[in-house]
Structures are given as structure tokens and as C-alpha cells.
Amino acid sequence: MLKINNVSKTYLKNQKEALKNINLNITKGEFTALLGQNGAGKTTLINILAGNVKKTHGEVKIGGYDLEKQELETKKIIGIVPQEISYDPAFTVEELLKKQSGYFGLKNNNEYIDELLESLALKDKKKAYGRELSGGMKRRLLIVKALVHKPEILILDEPTAGVDIELRHTMYEFLRKLHKSGMTIILTTHYIEEAEKLCKRVIVINNGSIIADEPKDKLLKDFSKEIKVEIDFDWEVNIADFEFLSEYHPKIKDKRKVSLKIDKNDLTKILEMIMQKNMKFVDLNIEKQKLEDVYLQLIRR
Ligand SMILES: Nc1ncnc2c1ncn2[C@@H]1O[C@H](COP(=O)(O)OP(=O)(O)O)[C@@H](O)[C@H]1O
Ligand SMILES: [Mg+2]
């Protein structure tokens, strides 16, 4: 569906090597997160796919078509939601979307446009001018605009930046539905919980290079040997009571809890040690590794 081979980008202006030898293969129906800190190269990569930035080296195939030699064909296959608001604010929502449809030669697209506006809670803004929309509405309008020509791949560059929580959830629901209906989706985000909730594959880009590209579950599993355990007692505990667990760095929390950082495989052993001391506990919480921790560890490597 999307093949990126040895793609590099050096910006002429400042000789910045924004992408170094990127290789990526996205198959139909995948829901992929593209994670990376500010300046990692995410937008550069997306702008190359959108045809807004010219790559320095490499080859890009979209749906089998060459990005440069068959530009129009590739444009039909992808829908791109840019990071920056990129439409003329002097048009109404309806006018903008009709214009966008016209660009792809679609004339009777009104029903589909209405459907999209409805799904993204923008239906009553049809007659509003682009400039009258709130930040969150503008972001959602960009999604509608990217979809009017029914592309096969949707690529979103930080679509939820600055969008309030409730509307972010509307967007998640929408993306889930879209994915279920067969859409291939690539989502760039710095809200890691978003990638965790929605995506199956996670690609981490750092300093212009891909440093991880794995199924989310595998990535979490590989990094999840260490877990945080919180044990609640029904009396006020004292740090001295946990001398026998000192290698697990016990910490007292809220007077009646102790928290430990342990290897998953040691859990039974530790619980047995506690029970042998006749320290009856009333609750036990295990905190699993989150994608955010994994991400930070990857970046620090
Ligand atoms: N038009 C440009 N001219 C020169 N350097 C740029 C340009 N756009 C981005 N860069 C640089 O390229 C690097 C990657 O930027 P970008 O792709 O925007 O990263 P991200 O989207 O991951 O934050 C950064 O160092 C950025 O400063
Ligand atoms: Mg960016």
C-alpha cells in the first residue's frame, strides 16, 4: 500500500538532515502510530508523501504508483491531514469541501460530505466561514477535507494537538470506525495514550531515523519485565518493616501502602516473603508498563 525505500531529506537552506535512510512498508488495513519528539522528522516525512517537500534520495510508492512519476494517481490514494491549518478562511465549510471535491473531479459528492460532517460534529457549521471555526473545529474540518475523495490511506499529522478532551474522543471514535471499514491509517501524535488506545503498530522516529517499528503489544511486552507493585495493608506501615525487601526499593505511600519496583518473575517470591512475615495485606495493585515509558526508554537509548 505504501512503500518507502531509503528516503532521505536534507533541507538546503540549513543543510539539516531531517530524514536519514527511512524504510517503511505499510500494508492495507494497518493502523500505525508514528511517534517522535519535536523535530524528529515526522512532518518532513508526511510532507514528502503529500508532495509538498521534495525528498533528497530514495523512492516512494503509493498503491504501486511512483510518487513523482505518477503524482496524480498517488494523490487519489492518500488523504493527508496536515499539522498546520491549510485552507482559505474566506470560504465557507461547504464551499471549501466542494472545491476539494472538484479538485478530484467529483461533482455529486454532497451526500458523502454531509455524512463526514455529521460524524465529526460539524454539520451545523456548513455555512460558517473557515475563519469563524474554533481550533478544534478547524482540525476536524481538515480531516473531512482529507477524506472527501475517499482515499485508501489516511495520514494524520498531530490531528489532536490543541483539541479538547471530549472532541478528541469524538475523533478517536471516528478513526476507529474508519479503520473498521478498511481504511489504512497512519497517525502522528505526541499524545502517547492515543497511540496506545488506537494503533496496532508503533513506529518511533528519532533524529531522522526509525529506531523502533513493531507491533504495539510486542513493544510493550519486550519492555514490560519491570512492573510496579503497590500493596495495601490495614495498618500504618513503617519503612523498617520492609527491610527484607530492600533490594526492591520499597517506598511508603499514604501511610498504609508500600510500593515496589520488581521483575515480573519475582512477584510470587515477594508475595510469599511477605506472607511468611505474617503481614496480611488487603489489596494489591500491579501497574503495567505504558507505551509512554517504553517510548522514553527508546529515546534515551
Ligand atoms: N522547511 C524547512 N527548512 C529547514 N529545516 C526544516 C524545515 N522543516 C523542518 N526542518 C527541520 O527538520 C527537522 C525535522 O522537522 P519536522 O519534520 O518538522 O519534525 P517533527 O514533525 O517530527 O516535529 C527539524 O530539525 C526542523 O527544524
Ligand atoms: Mg511535525
# chains A, B, ... in the order shown; residues from 1 in each chain; ligands from 1

$ residues_around --residues "Thr56 (chain A)" --least-positions-apart "6" --cutoff "12 Å" --atoms "only C-alpha atoms" --output "JSON, numbers by chain"
{"A": [6, 7, 8, 9, 10, 11, 12, 15, 16, 17, 18, 19, 20, 21, 22, 44, 45, 48]}

$ select_by_dssp --residues "region 111-185 of chain A" --states "strand (DSSP E or B)" --output "PyMOL selection string"
chain A and resi 129+153-157+184-185

$ residues_near_ligand --ligand "ligand 2" --cutoff "8 Å" --atoms "only C-alpha atoms and all ligand atoms" --output "JSON, numbers by chain"
{"A": [38, 39, 40, 41, 42, 43, 44, 83, 157, 158]}

$ residues_around --residues "Lys257 (chain A)" --least-positions-apart "5" --cutoff "7 Å" --atoms "only C-alpha atoms" --output "MDAnalysis selection string"
chainID A and resid 230:233 252

$ residues_around --residues "region 297-301 of chain A" --least-positions-apart "2" --cutoff "10 Å" --atoms "only C-alpha atoms" --output "ChimeraX atom specification"
/A:36-37,204-207,211-212,223,291-295

$ atom_distance --atom1 "CA of Lys123 (chain A)" --atom2 "CA of Ala146 (chain A)"
16.4 Å

$ atom_distance --atom1 "CA of Lys225 (chain A)" --atom2 "CA of Val202 (chain A)"
19.1 Å

$ closest_atom_pairs --of "region 154-209 of chain A" --to "region 25-31 of chain A" --cutoff "6 Å" --atoms "only C-alpha atoms" --output "CSV"
residue,atom,partner,partner_atom,distance
A:Gly182,CA,A:Gly29,CA,5.4
A:Met183,CA,A:Gly29,CA,5.6
A:Thr184,CA,A:Gly29,CA,4.3
A:Ile185,CA,A:Phe31,CA,4.7
A:Ile186,CA,A:Phe31,CA,6.0
A:Cys199,CA,A:Phe31,CA,5.1
A:Lys200,CA,A:Phe31,CA,5.8

$ write_last_selection --atoms "N, CA, C and O atoms" --output "short mmCIF file (atom, residue, chain, number, x, y, z; two decimals), in the first residue's frame"
data_model
loop_
_atom_site.label_atom_id
_atom_site.label_comp_id
_atom_site.auth_asym_id
_atom_site.auth_seq_id
_atom_site.Cartn_x
_atom_site.Cartn_y
_atom_site.Cartn_z
N GLY A 182 -12.05 -0.46 6.89
CA GLY A 182 -10.99 -0.89 5.98
C GLY A 182 -9.92 0.15 5.67
O GLY A 182 -8.99 -0.13 4.93
N MET A 183 -10.06 1.33 6.24
CA MET A 183 -9.09 2.39 5.95
C MET A 183 -7.73 2.08 6.56
O MET A 183 -7.63 1.63 7.71
N THR A 184 -6.68 2.33 5.79
CA THR A 184 -5.32 2.24 6.30
C THR A 184 -5.00 3.60 6.93
O THR A 184 -5.20 4.63 6.28
N ILE A 185 -4.53 3.59 8.17
CA ILE A 185 -4.34 4.88 8.86
C ILE A 185 -2.94 4.99 9.45
O ILE A 185 -2.44 4.04 10.07
N ILE A 186 -2.34 6.15 9.25
CA ILE A 186 -1.07 6.46 9.93
C ILE A 186 -1.32 7.71 10.76
O ILE A 186 -1.75 8.74 10.24
N CYS A 199 -3.76 2.30 17.99
CA CYS A 199 -2.92 1.71 16.95
C CYS A 199 -2.44 0.31 17.27
O CYS A 199 -2.34 -0.08 18.42
N LYS A 200 -2.12 -0.44 16.23
CA LYS A 200 -1.62 -1.80 16.41
C LYS A 200 -0.11 -1.86 16.19
O LYS A 200 0.56 -2.72 16.71
#

$ select_by_dssp --residues "region 85-279 of chain A" --states "helix (DSSP H, G or I)" --output "MDAnalysis selection string"
chainID A and resid 93:103 110:119 123:125 130:132 135:147 165:180 192:198 216:222 239:248 264:276

$ residues_around --residues "Lys3 (chain A)" --least-positions-apart "2" --cutoff "9 Å" --atoms "only C-alpha atoms" --output "ChimeraX atom specification"
/A:1,5,23-27,59-64

$ write_last_selection --atoms "N, CA, C and O atoms" --output "tab-separated table (two decimals), in the first residue's frame"
chain	number	residue	atom	x	y	z
A	1	MET	N	0.83	-1.22	0.00
A	1	MET	CA	0.00	0.00	0.00
A	1	MET	C	0.87	1.28	0.00
A	1	MET	O	0.67	2.17	-0.79
A	5	ASN	N	11.40	3.58	0.41
A	5	ASN	CA	12.72	2.93	0.31
A	5	ASN	C	13.84	3.94	0.38
A	5	ASN	O	13.95	4.81	-0.48
A	23	ASN	N	13.12	3.51	5.77
A	23	ASN	CA	12.49	2.38	5.08
A	23	ASN	C	11.21	2.00	5.80
A	23	ASN	O	11.23	1.83	7.02
A	24	LEU	N	10.15	1.88	5.04
A	24	LEU	CA	8.86	1.64	5.67
A	24	LEU	C	7.95	0.95	4.69
A	24	LEU	O	7.93	1.30	3.51
A	25	ASN	N	7.20	0.00	5.19
A	25	ASN	CA	6.27	-0.71	4.32
A	25	ASN	C	4.95	-0.84	5.07
A	25	ASN	O	4.88	-1.50	6.10
A	26	ILE	N	3.93	-0.16	4.59
A	26	ILE	CA	2.64	-0.20	5.27
A	26	ILE	C	1.67	-1.00	4.41
A	26	ILE	O	1.51	-0.71	3.22
A	27	THR	N	1.04	-2.01	5.01
A	27	THR	CA	0.10	-2.81	4.21
A	27	THR	C	-1.33	-2.37	4.47
A	27	THR	O	-1.62	-1.66	5.43
A	59	GLU	N	12.98	6.33	-2.80
A	59	GLU	CA	11.83	6.03	-3.65
A	59	GLU	C	10.59	5.86	-2.79
A	59	GLU	O	10.65	5.26	-1.71
A	60	VAL	N	9.48	6.40	-3.28
A	60	VAL	CA	8.20	6.23	-2.57
A	60	VAL	C	7.17	5.68	-3.54
A	60	VAL	O	6.98	6.22	-4.64
A	61	LYS	N	6.51	4.60	-3.14
A	61	LYS	CA	5.42	4.04	-3.95
A	61	LYS	C	4.15	4.07	-3.13
A	61	LYS	O	4.13	3.60	-1.98
A	62	ILE	N	3.11	4.62	-3.71
A	62	ILE	CA	1.82	4.66	-3.01
A	62	ILE	C	0.82	3.89	-3.85
A	62	ILE	O	0.57	4.25	-5.00
A	63	GLY	N	0.32	2.81	-3.29
A	63	GLY	CA	-0.60	1.94	-4.04
A	63	GLY	C	0.02	1.47	-5.35
A	63	GLY	O	-0.68	1.30	-6.35
A	64	GLY	N	1.34	1.28	-5.33
A	64	GLY	CA	2.03	0.80	-6.53
A	64	GLY	C	2.48	1.91	-7.48
A	64	GLY	O	3.25	1.69	-8.39

$ residues_around --residues "Lys288 (chain A)" --least-positions-apart "5" --cutoff "7 Å" --atoms "only C-alpha atoms" --output "JSON, numbers by chain"
{"A": [224, 227, 228]}

$ write_last_selection --atoms "C-alpha atoms" --output "mmCIF file, in the first residue's frame"
data_model
loop_
_atom_site.group_PDB
_atom_site.id
_atom_site.type_symbol
_atom_site.label_atom_id
_atom_site.label_comp_id
_atom_site.auth_asym_id
_atom_site.auth_seq_id
_atom_site.Cartn_x
_atom_site.Cartn_y
_atom_site.Cartn_z
ATOM 1 C CA SER A 224 7.492 -4.891 30.441
ATOM 2 C CA ILE A 227 6.447 -3.785 36.988
ATOM 3 C CA LYS A 228 5.360 -1.527 39.807
#

$ atom_distance --atom1 "CA of Glu95 (chain A)" --atom2 "CA of Glu71 (chain A)"
25.1 Å

$ closest_residue --among "A:Glu84, A:Asp266, A:Glu111, A:Glu132" --to "Thr160 (chain A)" --atoms "only C-alpha atoms"
A:Glu84

$ closest_residue --among "A:Lys69, A:Lys55, A:Arg176, A:Arg139" --to "ligand 1" --atoms "only C-alpha atoms and all ligand atoms"
A:Lys55

$ closest_residue --among "A:Lys150, A:Lys255, A:Lys54, A:His179" --to "Thr32 (chain A)" --atoms "only C-alpha atoms"
A:His179

$ residues_around --residues "Leu167 (chain A)" --least-positions-apart "2" --cutoff "10 Å" --atoms "only C-alpha atoms" --output "MDAnalysis selection string"
chainID A and resid 120:121 136:137 140 160 163:165 169:173

$ write_last_selection --atoms "N, CA, C and O atoms" --output "PDB file, in the first residue's frame"
ATOM      1  N   LEU A 120     -18.206  14.034  12.348  1.00  0.00           N
ATOM      2  CA  LEU A 120     -17.223  14.812  13.095  1.00  0.00           C
ATOM      3  C   LEU A 120     -17.853  16.042  13.760  1.00  0.00           C
ATOM      4  O   LEU A 120     -17.158  16.996  14.106  1.00  0.00           O
ATOM      5  N   ALA A 121     -19.156  15.966  13.985  1.00  0.00           N
ATOM      6  CA  ALA A 121     -19.892  17.006  14.707  1.00  0.00           C
ATOM      7  C   ALA A 121     -19.672  18.399  14.115  1.00  0.00           C
ATOM      8  O   ALA A 121     -19.409  19.368  14.815  1.00  0.00           O
ATOM      9  N   GLY A 136     -10.493  23.464  17.441  1.00  0.00           N
ATOM     10  CA  GLY A 136     -10.853  22.047  17.325  1.00  0.00           C
ATOM     11  C   GLY A 136     -11.692  21.773  16.082  1.00  0.00           C
ATOM     12  O   GLY A 136     -11.544  20.727  15.440  1.00  0.00           O
ATOM     13  N   MET A 137     -12.573  22.725  15.767  1.00  0.00           N
ATOM     14  CA  MET A 137     -13.405  22.553  14.555  1.00  0.00           C
ATOM     15  C   MET A 137     -12.538  22.599  13.309  1.00  0.00           C
ATOM     16  O   MET A 137     -12.751  21.832  12.365  1.00  0.00           O
ATOM     17  N   ARG A 140     -10.953  19.336  12.795  1.00  0.00           N
ATOM     18  CA  ARG A 140     -11.878  18.322  12.284  1.00  0.00           C
ATOM     19  C   ARG A 140     -12.228  18.572  10.819  1.00  0.00           C
ATOM     20  O   ARG A 140     -12.372  17.636  10.035  1.00  0.00           O
ATOM     21  N   THR A 160      -4.766  15.937  16.913  1.00  0.00           N
ATOM     22  CA  THR A 160      -5.454  16.249  18.161  1.00  0.00           C
ATOM     23  C   THR A 160      -4.747  17.324  18.973  1.00  0.00           C
ATOM     24  O   THR A 160      -5.185  17.642  20.068  1.00  0.00           O
ATOM     25  N   VAL A 163      -6.847  20.094  20.766  1.00  0.00           N
ATOM     26  CA  VAL A 163      -8.275  19.761  20.718  1.00  0.00           C
ATOM     27  C   VAL A 163      -8.699  19.307  22.115  1.00  0.00           C
ATOM     28  O   VAL A 163      -7.990  18.526  22.755  1.00  0.00           O
ATOM     29  N   ASP A 164      -9.852  19.798  22.603  1.00  0.00           N
ATOM     30  CA  ASP A 164     -10.206  19.435  23.978  1.00  0.00           C
ATOM     31  C   ASP A 164     -10.622  17.965  24.082  1.00  0.00           C
ATOM     32  O   ASP A 164     -10.930  17.313  23.085  1.00  0.00           O
ATOM     33  N   ILE A 165     -10.593  17.472  25.307  1.00  0.00           N
ATOM     34  CA  ILE A 165     -10.690  16.027  25.529  1.00  0.00           C
ATOM     35  C   ILE A 165     -11.934  15.399  24.924  1.00  0.00           C
ATOM     36  O   ILE A 165     -11.876  14.379  24.260  1.00  0.00           O
ATOM     37  N   HIS A 169     -12.169  12.569  21.879  1.00  0.00           N
ATOM     38  CA  HIS A 169     -12.816  11.259  21.895  1.00  0.00           C
ATOM     39  C   HIS A 169     -13.743  11.055  20.705  1.00  0.00           C
ATOM     40  O   HIS A 169     -13.838   9.961  20.176  1.00  0.00           O
ATOM     41  N   THR A 170     -14.431  12.120  20.284  1.00  0.00           N
ATOM     42  CA  THR A 170     -15.231  12.046  19.054  1.00  0.00           C
ATOM     43  C   THR A 170     -14.332  11.631  17.890  1.00  0.00           C
ATOM     44  O   THR A 170     -14.686  10.782  17.074  1.00  0.00           O
ATOM     45  N   MET A 171     -13.146  12.235  17.864  1.00  0.00           N
ATOM     46  CA  MET A 171     -12.208  11.938  16.802  1.00  0.00           C
ATOM     47  C   MET A 171     -11.732  10.489  16.868  1.00  0.00           C
ATOM     48  O   MET A 171     -11.642   9.808  15.849  1.00  0.00           O
ATOM     49  N   TYR A 172     -11.436  10.005  18.084  1.00  0.00           N
ATOM     50  CA  TYR A 172     -10.993   8.607  18.234  1.00  0.00           C
ATOM     51  C   TYR A 172     -12.052   7.643  17.718  1.00  0.00           C
ATOM     52  O   TYR A 172     -11.753   6.699  17.005  1.00  0.00           O
ATOM     53  N   GLU A 173     -13.305   7.915  18.135  1.00  0.00           N
ATOM     54  CA  GLU A 173     -14.401   7.049  17.707  1.00  0.00           C
ATOM     55  C   GLU A 173     -14.483   7.011  16.192  1.00  0.00           C
ATOM     56  O   GLU A 173     -14.656   5.960  15.578  1.00  0.00           O
TER      57      GLU A 173
END

$ decode --residues "region 133-147 of chain A" --atoms "all heavy atoms" --output "mmCIF file, in the first residue's frame"
data_model
loop_
_atom_site.group_PDB
_atom_site.id
_atom_site.type_symbol
_atom_site.label_atom_id
_atom_site.label_comp_id
_atom_site.auth_asym_id
_atom_site.auth_seq_id
_atom_site.Cartn_x
_atom_site.Cartn_y
_atom_site.Cartn_z
ATOM 1 N N LEU A 133 -14.403 29.258 12.698
ATOM 2 C CA LEU A 133 -14.377 27.997 13.444
ATOM 3 C C LEU A 133 -13.368 28.047 14.590
ATOM 4 O O LEU A 133 -12.346 28.718 14.498
ATOM 5 C CB LEU A 133 -14.003 26.846 12.496
ATOM 6 C CG LEU A 133 -14.882 26.640 11.274
ATOM 7 C CD1 LEU A 133 -14.339 25.495 10.436
ATOM 8 C CD2 LEU A 133 -16.332 26.371 11.676
ATOM 9 N N SER A 134 -13.670 27.300 15.645
ATOM 10 C CA SER A 134 -12.714 27.183 16.752
ATOM 11 C C SER A 134 -11.557 26.291 16.305
ATOM 12 O O SER A 134 -11.642 25.614 15.273
ATOM 13 C CB SER A 134 -13.393 26.552 17.961
ATOM 14 O OG SER A 134 -13.622 25.175 17.702
ATOM 15 N N GLY A 135 -10.499 26.285 17.106
ATOM 16 C CA GLY A 135 -9.323 25.470 16.763
ATOM 17 C C GLY A 135 -9.660 24.009 16.534
ATOM 18 O O GLY A 135 -9.224 23.400 15.553
ATOM 19 N N GLY A 136 -10.493 23.464 17.441
ATOM 20 C CA GLY A 136 -10.853 22.047 17.325
ATOM 21 C C GLY A 136 -11.692 21.773 16.082
ATOM 22 O O GLY A 136 -11.544 20.727 15.440
ATOM 23 N N MET A 137 -12.573 22.725 15.767
ATOM 24 C CA MET A 137 -13.405 22.553 14.555
ATOM 25 C C MET A 137 -12.538 22.599 13.309
ATOM 26 O O MET A 137 -12.751 21.832 12.365
ATOM 27 C CB MET A 137 -14.442 23.675 14.469
ATOM 28 C CG MET A 137 -15.554 23.567 15.488
ATOM 29 S SD MET A 137 -16.553 25.076 15.385
ATOM 30 C CE MET A 137 -17.497 24.897 16.879
ATOM 31 N N LYS A 138 -11.553 23.517 13.309
ATOM 32 C CA LYS A 138 -10.660 23.619 12.152
ATOM 33 C C LYS A 138 -9.937 22.296 11.934
ATOM 34 O O LYS A 138 -9.788 21.832 10.805
ATOM 35 C CB LYS A 138 -9.634 24.735 12.378
ATOM 36 C CG LYS A 138 -10.213 26.118 12.192
ATOM 37 C CD LYS A 138 -9.177 27.187 12.473
ATOM 38 C CE LYS A 138 -9.792 28.576 12.303
ATOM 39 N NZ LYS A 138 -9.175 29.584 13.147
ATOM 40 N N ARG A 139 -9.475 21.695 13.032
ATOM 41 C CA ARG A 139 -8.766 20.415 12.917
ATOM 42 C C ARG A 139 -9.690 19.345 12.328
ATOM 43 O O ARG A 139 -9.280 18.548 11.492
ATOM 44 C CB ARG A 139 -8.268 19.932 14.281
ATOM 45 C CG ARG A 139 -7.274 20.820 14.903
ATOM 46 C CD ARG A 139 -5.984 20.058 15.217
ATOM 47 N NE ARG A 139 -4.883 20.996 15.171
ATOM 48 C CZ ARG A 139 -4.009 21.060 14.188
ATOM 49 N NH1 ARG A 139 -4.058 20.206 13.197
ATOM 50 N NH2 ARG A 139 -3.053 21.964 14.209
ATOM 51 N N ARG A 140 -10.953 19.336 12.795
ATOM 52 C CA ARG A 140 -11.878 18.322 12.284
ATOM 53 C C ARG A 140 -12.228 18.572 10.819
ATOM 54 O O ARG A 140 -12.372 17.636 10.035
ATOM 55 C CB ARG A 140 -13.131 18.276 13.157
ATOM 56 C CG ARG A 140 -12.957 17.262 14.266
ATOM 57 C CD ARG A 140 -13.572 17.664 15.572
ATOM 58 N NE ARG A 140 -14.913 18.154 15.518
ATOM 59 C CZ ARG A 140 -15.331 19.237 16.185
ATOM 60 N NH1 ARG A 140 -14.489 19.943 16.906
ATOM 61 N NH2 ARG A 140 -16.579 19.616 16.123
ATOM 62 N N LEU A 141 -12.297 19.855 10.467
ATOM 63 C CA LEU A 141 -12.566 20.185 9.065
ATOM 64 C C LEU A 141 -11.433 19.667 8.172
ATOM 65 O O LEU A 141 -11.665 19.183 7.061
ATOM 66 C CB LEU A 141 -12.740 21.706 8.911
ATOM 67 C CG LEU A 141 -12.950 22.214 7.484
ATOM 68 C CD1 LEU A 141 -14.166 21.546 6.835
ATOM 69 C CD2 LEU A 141 -13.111 23.732 7.462
ATOM 70 N N LEU A 142 -10.203 19.752 8.676
ATOM 71 C CA LEU A 142 -9.063 19.236 7.904
ATOM 72 C C LEU A 142 -9.198 17.734 7.656
ATOM 73 O O LEU A 142 -8.797 17.233 6.603
ATOM 74 C CB LEU A 142 -7.744 19.510 8.637
ATOM 75 C CG LEU A 142 -7.262 20.959 8.668
ATOM 76 C CD1 LEU A 142 -5.973 21.070 9.482
ATOM 77 C CD2 LEU A 142 -7.029 21.486 7.258
ATOM 78 N N ILE A 143 -9.784 17.031 8.640
ATOM 79 C CA ILE A 143 -9.984 15.584 8.454
ATOM 80 C C ILE A 143 -11.025 15.343 7.366
ATOM 81 O O ILE A 143 -10.828 14.524 6.469
ATOM 82 C CB ILE A 143 -10.416 14.896 9.776
ATOM 83 C CG1 ILE A 143 -9.322 15.088 10.830
ATOM 84 C CG2 ILE A 143 -10.690 13.408 9.549
ATOM 85 C CD1 ILE A 143 -9.608 14.410 12.155
ATOM 86 N N VAL A 144 -12.134 16.088 7.442
ATOM 87 C CA VAL A 144 -13.168 15.943 6.404
ATOM 88 C C VAL A 144 -12.558 16.240 5.035
ATOM 89 O O VAL A 144 -12.749 15.481 4.076
ATOM 90 C CB VAL A 144 -14.367 16.888 6.677
ATOM 91 C CG1 VAL A 144 -15.386 16.782 5.553
ATOM 92 C CG2 VAL A 144 -15.014 16.559 8.021
ATOM 93 N N LYS A 145 -11.792 17.314 4.971
ATOM 94 C CA LYS A 145 -11.199 17.728 3.696
ATOM 95 C C LYS A 145 -10.286 16.630 3.129
ATOM 96 O O LYS A 145 -10.253 16.406 1.923
ATOM 97 C CB LYS A 145 -10.413 19.026 3.926
ATOM 98 C CG LYS A 145 -9.873 19.656 2.679
ATOM 99 C CD LYS A 145 -9.301 21.048 2.961
ATOM 100 C CE LYS A 145 -8.490 21.534 1.781
ATOM 101 N NZ LYS A 145 -7.060 21.721 2.098
ATOM 102 N N ALA A 146 -9.567 15.956 4.030
ATOM 103 C CA ALA A 146 -8.657 14.895 3.573
ATOM 104 C C ALA A 146 -9.406 13.671 3.063
ATOM 105 O O ALA A 146 -8.841 12.834 2.380
ATOM 106 C CB ALA A 146 -7.720 14.494 4.715
ATOM 107 N N LEU A 147 -10.702 13.573 3.442
ATOM 108 C CA LEU A 147 -11.446 12.344 3.121
ATOM 109 C C LEU A 147 -12.444 12.476 1.978
ATOM 110 O O LEU A 147 -12.970 11.458 1.529
ATOM 111 C CB LEU A 147 -12.195 11.867 4.373
ATOM 112 C CG LEU A 147 -11.331 11.228 5.470
ATOM 113 C CD1 LEU A 147 -12.149 11.026 6.729
ATOM 114 C CD2 LEU A 147 -10.741 9.908 4.993
#
